[in-house]
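Asker: Structure file query.cif (mmCIF, C-alpha atoms and all ligand atoms) is given on the next line.
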```cif
data_run
loop_
_atom_site.label_atom_id
_atom_site.label_comp_id
_atom_site.auth_asym_id
_atom_site.auth_seq_id
_atom_site.Cartn_x
_atom_site.Cartn_y
_atom_site.Cartn_z
CA MET H 613 0.00 0.00 0.00
CA ALA H 614 1.24 3.51 -0.81
CA LYS H 615 2.40 5.59 2.10
CA LEU H 616 2.19 9.30 2.73
CA TYR H 617 4.60 10.19 5.52
CA VAL H 618 4.08 13.52 7.27
CA VAL H 619 7.56 14.35 8.48
CA ALA H 620 8.51 16.95 11.09
CA THR H 621 11.80 18.76 10.40
CA PRO H 622 13.93 21.14 12.53
CA ILE H 623 12.73 24.65 13.44
CA GLY H 624 16.27 26.02 13.18
CA ASN H 625 19.02 23.73 14.39
CA LEU H 626 19.46 21.04 11.74
CA LEU H 627 20.60 18.53 14.35
CA ASP H 628 17.03 18.41 15.64
CA ILE H 629 15.87 15.79 13.19
CA SER H 630 14.98 12.27 14.20
CA LEU H 631 16.78 9.18 12.93
CA ARG H 632 13.44 7.90 11.70
CA ALA H 633 12.75 11.12 9.78
CA LEU H 634 16.14 10.80 8.05
CA ARG H 635 15.42 7.20 7.13
CA ILE H 636 12.01 8.07 5.70
CA LEU H 637 13.46 10.97 3.67
CA LYS H 638 16.17 8.65 2.33
CA GLU H 639 13.72 5.92 1.40
CA ALA H 640 10.76 7.91 0.04
CA ASP H 641 10.23 7.95 -3.73
CA LEU H 642 9.45 11.66 -3.70
CA ILE H 643 9.59 14.51 -1.18
CA LEU H 644 6.77 17.04 -1.17
CA SER H 645 8.19 20.29 0.06
CA GLU H 646 6.79 23.70 0.96
CA ASP H 647 9.92 25.39 -0.42
CA THR H 648 12.26 23.10 -2.31
CA ARG H 649 15.28 25.39 -1.73
CA ILE H 650 14.89 25.18 2.04
CA THR H 651 14.35 21.41 1.94
CA LYS H 652 17.42 20.96 -0.26
CA LYS H 653 19.60 22.55 2.44
CA LEU H 654 18.37 19.96 4.94
CA LEU H 655 18.81 17.10 2.48
CA GLU H 656 22.32 18.24 1.53
CA ARG H 657 23.31 18.39 5.19
CA TYR H 658 22.45 14.69 5.47
CA ASN H 659 23.66 13.64 2.02
CA ILE H 660 20.19 12.72 0.86
CA SER H 661 19.55 13.10 -2.81
CA LYS H 662 15.88 12.73 -3.63
CA PRO H 663 13.55 14.37 -6.09
CA THR H 664 11.49 17.14 -4.48
CA VAL H 665 8.21 18.58 -5.69
CA SER H 666 6.77 21.78 -4.29
CA TYR H 667 3.53 21.57 -2.40
CA HIS H 668 2.34 24.65 -0.54
CA GLN H 669 -0.71 26.50 0.63
CA TYR H 670 -1.44 27.88 -2.82
CA SER H 671 -0.82 24.71 -4.81
CA ARG H 672 -3.38 24.21 -7.53
CA LEU H 673 -5.76 21.33 -7.76
CA SER H 674 -3.69 19.94 -10.64
CA LYS H 675 -0.72 19.59 -8.25
CA VAL H 676 -2.90 17.76 -5.73
CA SER H 677 -4.15 15.46 -8.53
CA TYR H 678 -0.56 14.76 -9.57
CA ILE H 679 0.38 13.85 -5.98
CA LEU H 680 -2.66 11.60 -5.61
CA SER H 681 -1.80 9.89 -8.90
CA GLN H 682 1.69 9.12 -7.56
CA LEU H 683 0.15 7.57 -4.46
CA LYS H 684 -2.27 5.58 -6.61
CA ARG H 685 0.73 4.15 -8.44
CA GLY H 686 1.99 2.87 -5.09
CA LYS H 687 4.73 5.50 -4.58
CA ASN H 688 5.80 6.41 -1.06
CA LEU H 689 5.81 10.15 -0.47
CA ALA H 690 7.17 12.29 2.36
CA LEU H 691 5.60 15.66 3.09
CA VAL H 692 7.73 18.31 4.81
CA SER H 693 7.26 22.00 5.51
CA ASP H 694 9.92 24.71 5.84
CA ALA H 695 10.21 24.14 9.57
CA GLY H 696 8.57 22.06 12.25
CA THR H 697 5.52 19.90 11.86
CA PRO H 698 3.52 20.04 8.61
CA GLY H 699 -0.10 21.07 9.06
CA ILE H 700 0.59 23.22 12.13
CA SER H 701 0.07 26.71 10.64
CA ASP H 702 1.64 25.10 7.58
CA PRO H 703 0.46 23.25 4.45
CA GLY H 704 -0.65 19.66 4.84
CA SER H 705 -4.25 19.37 5.94
CA LYS H 706 -5.81 19.92 2.48
CA LEU H 707 -3.64 17.27 0.88
CA ILE H 708 -4.39 14.79 3.63
CA GLU H 709 -8.11 15.52 3.40
CA GLU H 710 -8.04 14.87 -0.36
CA ALA H 711 -5.96 11.70 0.03
CA VAL H 712 -8.40 10.32 2.60
CA LYS H 713 -11.41 11.33 0.50
CA LYS H 714 -10.17 10.14 -2.88
CA LEU H 715 -7.90 7.22 -2.02
CA GLY H 716 -9.41 5.91 1.22
CA ASN H 717 -7.59 2.78 2.32
CA GLN H 718 -5.35 2.69 -0.75
CA VAL H 719 -3.01 4.98 1.17
CA GLU H 720 -1.60 4.86 4.66
CA ILE H 721 -0.94 8.25 6.24
CA ILE H 722 1.88 8.01 8.74
CA PRO H 723 3.08 10.75 11.13
CA ILE H 724 6.81 11.07 11.76
CA PRO H 725 6.92 13.23 14.88
CA GLY H 726 9.53 15.85 15.69
CA PRO H 727 9.91 19.52 16.53
CA SER H 728 7.20 22.10 16.53
CA ALA H 729 7.67 25.68 17.71
CA ILE H 730 4.55 25.29 19.90
CA THR H 731 5.80 22.42 22.05
CA THR H 732 9.39 23.68 22.05
CA ALA H 733 8.28 27.02 23.48
CA LEU H 734 5.76 25.57 25.92
CA SER H 735 8.33 23.15 27.31
CA ILE H 736 10.44 25.96 28.76
CA SER H 737 7.62 28.39 29.57
CA GLY H 738 7.07 27.27 33.14
CA PHE H 739 3.33 27.72 32.56
CA PRO H 740 0.88 24.85 32.94
CA ALA H 741 0.53 23.05 29.63
CA ASP H 742 -1.65 20.12 30.57
CA LYS H 743 -4.31 22.18 28.79
CA PHE H 744 -3.48 25.05 26.47
CA LEU H 745 -4.99 27.10 23.67
CA PHE H 746 -3.08 27.51 20.41
CA LEU H 747 -4.30 30.35 18.21
CA GLY H 748 -1.90 30.33 15.24
CA PHE H 749 -1.05 33.81 13.88
CA PRO H 750 -3.05 36.91 14.88
CA PRO H 751 -5.19 38.01 11.92
CA SER H 752 -3.54 40.76 9.90
CA LYS H 753 -6.44 43.22 9.65
CA LYS H 754 -9.98 42.66 10.84
CA LYS H 755 -10.81 40.75 14.01
CA ARG H 756 -7.54 41.58 15.74
CA ASN H 757 -9.28 42.90 18.83
CA LYS H 758 -11.37 39.75 18.98
CA PHE H 759 -8.20 37.69 18.78
CA PHE H 760 -6.59 39.58 21.69
CA GLU H 761 -9.79 39.35 23.72
CA GLU H 762 -9.72 35.60 23.28
CA VAL H 763 -6.15 35.58 24.58
CA VAL H 764 -7.07 37.73 27.59
CA ASN H 765 -10.15 35.71 28.46
CA SER H 766 -8.59 32.27 28.14
CA LYS H 767 -8.60 30.12 31.28
CA TYR H 768 -5.63 28.26 29.86
CA THR H 769 -2.10 29.09 28.82
CA VAL H 770 -2.24 30.61 25.32
CA VAL H 771 0.31 30.11 22.56
CA PHE H 772 0.46 32.05 19.31
CA TYR H 773 2.90 32.70 16.50
CA GLU H 774 4.13 36.04 15.20
CA SER H 775 6.34 37.10 12.33
CA PRO H 776 9.45 39.29 12.70
CA HIS H 777 8.00 42.51 11.28
CA ARG H 778 4.76 42.44 13.25
CA ILE H 779 5.82 41.35 16.72
CA LEU H 780 6.06 44.84 18.29
CA LYS H 781 2.81 46.06 16.75
CA THR H 782 1.06 42.93 18.00
CA LEU H 783 2.38 43.23 21.55
CA GLU H 784 1.49 46.92 21.67
CA GLU H 785 -2.07 46.27 20.54
CA PHE H 786 -2.34 43.40 22.99
CA ASN H 787 -1.15 45.74 25.74
CA VAL H 788 -3.98 48.16 24.97
CA ILE H 789 -6.58 45.40 25.28
CA LEU H 790 -4.96 44.04 28.43
CA ASN H 791 -4.95 47.41 30.12
CA VAL H 792 -8.69 47.75 29.92
CA SER H 793 -9.25 44.31 31.41
CA GLU H 794 -9.02 43.08 34.97
CA GLU H 795 -6.58 40.42 33.87
CA SER H 796 -3.78 42.88 33.06
CA LEU H 797 -1.86 42.39 36.28
CA ARG H 798 -2.12 38.65 36.23
CA LYS H 799 -0.91 37.94 32.72
CA GLN H 800 2.72 37.03 32.27
CA LEU H 801 4.47 36.51 28.98
CA VAL H 802 7.17 34.23 27.74
CA LEU H 803 8.42 35.33 24.37
CA CYS H 804 10.59 32.85 22.52
CA ARG H 805 12.72 34.22 19.75
CA GLU H 806 14.66 32.16 17.19
CA LEU H 807 14.31 28.90 19.10
CA THR H 808 17.16 26.43 18.59
CA LYS H 809 19.07 29.00 16.49
CA LYS H 810 22.27 30.93 17.21
CA PHE H 811 20.48 34.01 18.54
CA GLU H 812 17.84 32.27 20.60
CA ILE H 813 16.45 34.54 23.32
CA ILE H 814 13.73 33.86 25.87
CA TYR H 815 12.06 36.94 27.38
CA ARG H 816 10.04 36.55 30.57
CA GLY H 817 7.97 39.27 32.18
CA ASP H 818 4.73 41.18 32.01
CA ILE H 819 3.65 42.74 28.74
CA LYS H 820 5.17 46.16 29.41
CA GLU H 821 8.53 44.74 30.44
CA THR H 822 8.56 42.54 27.36
CA ILE H 823 7.77 45.40 24.99
CA ASN H 824 10.47 47.58 26.56
CA GLN H 825 13.04 44.82 26.29
CA LEU H 826 12.23 44.18 22.66
CA LYS H 827 12.51 47.89 21.86
CA GLU H 828 15.78 48.17 23.73
CA ASP H 829 17.30 45.16 22.00
CA LYS H 830 16.00 46.33 18.60
CA ILE H 831 15.71 42.75 17.57
CA ARG H 832 13.63 40.87 15.10
CA GLY H 833 13.25 37.18 14.43
CA GLU H 834 10.65 34.46 14.52
CA PHE H 835 8.57 34.46 17.67
CA VAL H 836 6.32 32.26 19.72
CA VAL H 837 4.30 34.21 22.28
CA ILE H 838 3.06 32.40 25.38
CA VAL H 839 0.63 34.06 27.71
CA GLY H 840 0.16 32.65 31.17
CA ARG H 841 -0.65 33.80 34.67
CA LYS H 842 1.55 34.86 37.50
N1 LIG V 1 4.78 24.15 11.38
C1 LIG V 1 5.62 24.97 12.21
C2 LIG V 1 5.74 24.33 13.58
O1 LIG V 1 5.40 23.18 13.74
O2 LIG V 1 6.21 25.01 14.50
C3 LIG V 1 5.12 26.41 12.27
C4 LIG V 1 5.08 27.08 10.92
S1 LIG V 1 4.52 28.74 10.97
C5 LIG V 1 4.33 29.09 9.25
C6 LIG V 1 5.98 29.65 11.26
C7 LIG V 1 5.94 30.37 12.61
O3 LIG V 1 6.28 29.45 13.64
C8 LIG V 1 6.94 31.51 12.71
O4 LIG V 1 6.43 32.72 12.18
C9 LIG V 1 7.11 31.61 14.21
O5 LIG V 1 6.04 32.28 14.82
C10 LIG V 1 7.06 30.12 14.61
N2 LIG V 1 8.42 29.56 14.59
C11 LIG V 1 8.91 28.65 13.72
N3 LIG V 1 10.20 28.40 14.00
C12 LIG V 1 10.52 29.15 15.06
C13 LIG V 1 11.71 29.34 15.84
N4 LIG V 1 12.83 28.70 15.54
N5 LIG V 1 11.67 30.20 16.88
C14 LIG V 1 10.56 30.86 17.19
N6 LIG V 1 9.41 30.75 16.51
C15 LIG V 1 9.38 29.89 15.45
#
```
Would you put the structure from the file into structure tokens?
Ligand code: SAM
Answerer:
Amino acid sequence: MAKLYVVATPIGNLLDISLRALRILKEADLILSEDTRITKKLLERYNISKPTVSYHQYSRLSKVSYILSQLKRGKNLALVSDAGTPGISDPGSKLIEEAVKKLGNQVEIIPIPGPSAITTALSISGFPADKFLFLGFPPSKKKRNKFFEEVVNSKYTVVFYESPHRILKTLEEFNVILNVSEESLRKQLVLCRELTKKFEIIYRGDIKETINQLKEDKIRGEFVVIVGRK
């Protein structure tokens, strides 16, 4: 039976890949990759030479049909994203939905676990994570206030992602919403920047302290924001 492996890859440090992931990438007939240039760097690091085909959020239906046809022919495919676990704020779910719908039990869909920025950040947060709420990226325009209200009102630790150029704007808007709520004094932040990379920094403090630190350091990078309670 054809296999579609969903393979987690490092979120920065290329050593953070599992032995099983390497074996699957070596043995797959074809690697489906969000950005083939990024995947090639990983493959080169481990001397893996495999054909890659791009598959991303905006892939057309014809690309999905091509991938399904490969599976129908019994090929084993490995799906990777640029970083972390496919399908987590990354491409993957549509392809899997189509594979399940159109190929049913002609294909086995197999997870190959590994890093994700969510669990990596939560693991060092010090906040309870037996239950948590993950909200992906804040919306870029409309519904931002609603997003921040959801963060403020959550009973659980909240995790969300933010991109380098929007992190300060997002924290400042969040601060405005927090200040009009009773929760403002109780919320604590852990801000994880560039996890597993050379310039990894973990900021801990309340929202104002965190904003001031970010401004002082004048830094950018990829961020995971975790909001907990004192
Ligand atoms: N699928 C990925 C995962 O499992 O973590 C997430 C992909 S999402 C498109 C990319 C976002 O994840 C970044 O904008 C950032 O918020 C977060 N992220 C990914 N790698 C990170 C890292 N090394 N340090 C901090 N945040 C990271």
Asker: I want to know what sits within 12 Å of Ile831 (chain H), based on all atoms listed in the file, with residues of the same chain fewer than 4 positions away left out; could you give that as an mmCIF file with C-alpha atoms, in the coordinates of the input?
Answerer:
```
data_model
loop_
_atom_site.group_PDB
_atom_site.id
_atom_site.type_symbol
_atom_site.label_atom_id
_atom_site.label_comp_id
_atom_site.auth_asym_id
_atom_site.auth_seq_id
_atom_site.Cartn_x
_atom_site.Cartn_y
_atom_site.Cartn_z
ATOM 1 C CA PRO H 776 9.450 39.290 12.700
ATOM 2 C CA HIS H 777 8.000 42.510 11.280
ATOM 3 C CA ARG H 778 4.760 42.440 13.250
ATOM 4 C CA ILE H 779 5.820 41.350 16.720
ATOM 5 C CA LEU H 780 6.060 44.840 18.290
ATOM 6 C CA ARG H 805 12.720 34.220 19.750
ATOM 7 C CA GLU H 806 14.660 32.160 17.190
ATOM 8 C CA PHE H 811 20.480 34.010 18.540
ATOM 9 C CA GLU H 812 17.840 32.270 20.600
ATOM 10 C CA ILE H 813 16.450 34.540 23.320
ATOM 11 C CA TYR H 815 12.060 36.940 27.380
ATOM 12 C CA ILE H 823 7.770 45.400 24.990
ATOM 13 C CA ASN H 824 10.470 47.580 26.560
ATOM 14 C CA GLN H 825 13.040 44.820 26.290
ATOM 15 C CA LEU H 826 12.230 44.180 22.660
ATOM 16 C CA LYS H 827 12.510 47.890 21.860
ATOM 17 C CA PHE H 835 8.570 34.460 17.670
#
```
Asker: Residues near Pro723 (chain H), anyone? I mean within 10 Å using all atoms listed in the file, not counting same-chain ones fewer than 4 positions away, as a PyMOL selection string.
Answerer: chain H and resi 616-620+633+690-691+697-698
Asker: Give me the residues within 12 Å of Asn659 (chain H) as a list in words, counting all atoms listed in the file and dropping any in the same chain fewer than 4 places off.
Answerer: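 Here the qualifying residues turn out to be Leu634, Arg635, Leu637, Lys638, Lys652, Lys653, Leu654 and Leu655 of chain H.
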Asker: Would you kindly return, as a list in words, each protein, DNA or RNA residue with an atom no farther than 10 Å from any atom of region 622-627 of chain H, considering all atoms listed in the file and excluding same-chain residues fewer than 2 positions away?
Answerer: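 Near neighbours after the sequence-gap exclusion: Ala620, Ile629, Ser630, Lys653, Leu654, Arg657, Tyr658, Ser693, Asp694, Ala695, Gly696, Thr697, Gly726, Pro727, Ser728, Ala729, Thr732, Glu806, Leu807, Thr808, Lys809, Lys810 and Glu812 of chain H.
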Asker: Give me the residues near region 664-667 of chain H as a VMD selection string, where near means some atom within 10 Å (using all atoms listed in the file) and where sequence neighbours in that chain fewer than 3 positions away do not count.
Answerer: chain H and resid 641 to 649 651 to 652 661 670 to 672 675 to 676 679 689 to 693 703 to 704 707
Asker: Can you work out which one of H:Ile819, H:Leu747, H:Ala741, H:Leu683 has the shortest atom-to-atom distance to Ile700 (chain H), counting all atoms listed in the file?
Answerer: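 Going through H:Ile819, H:Leu747, H:Ala741, H:Leu683 one by one, the smallest distance to Ile700 (chain H) is for H:Leu747.
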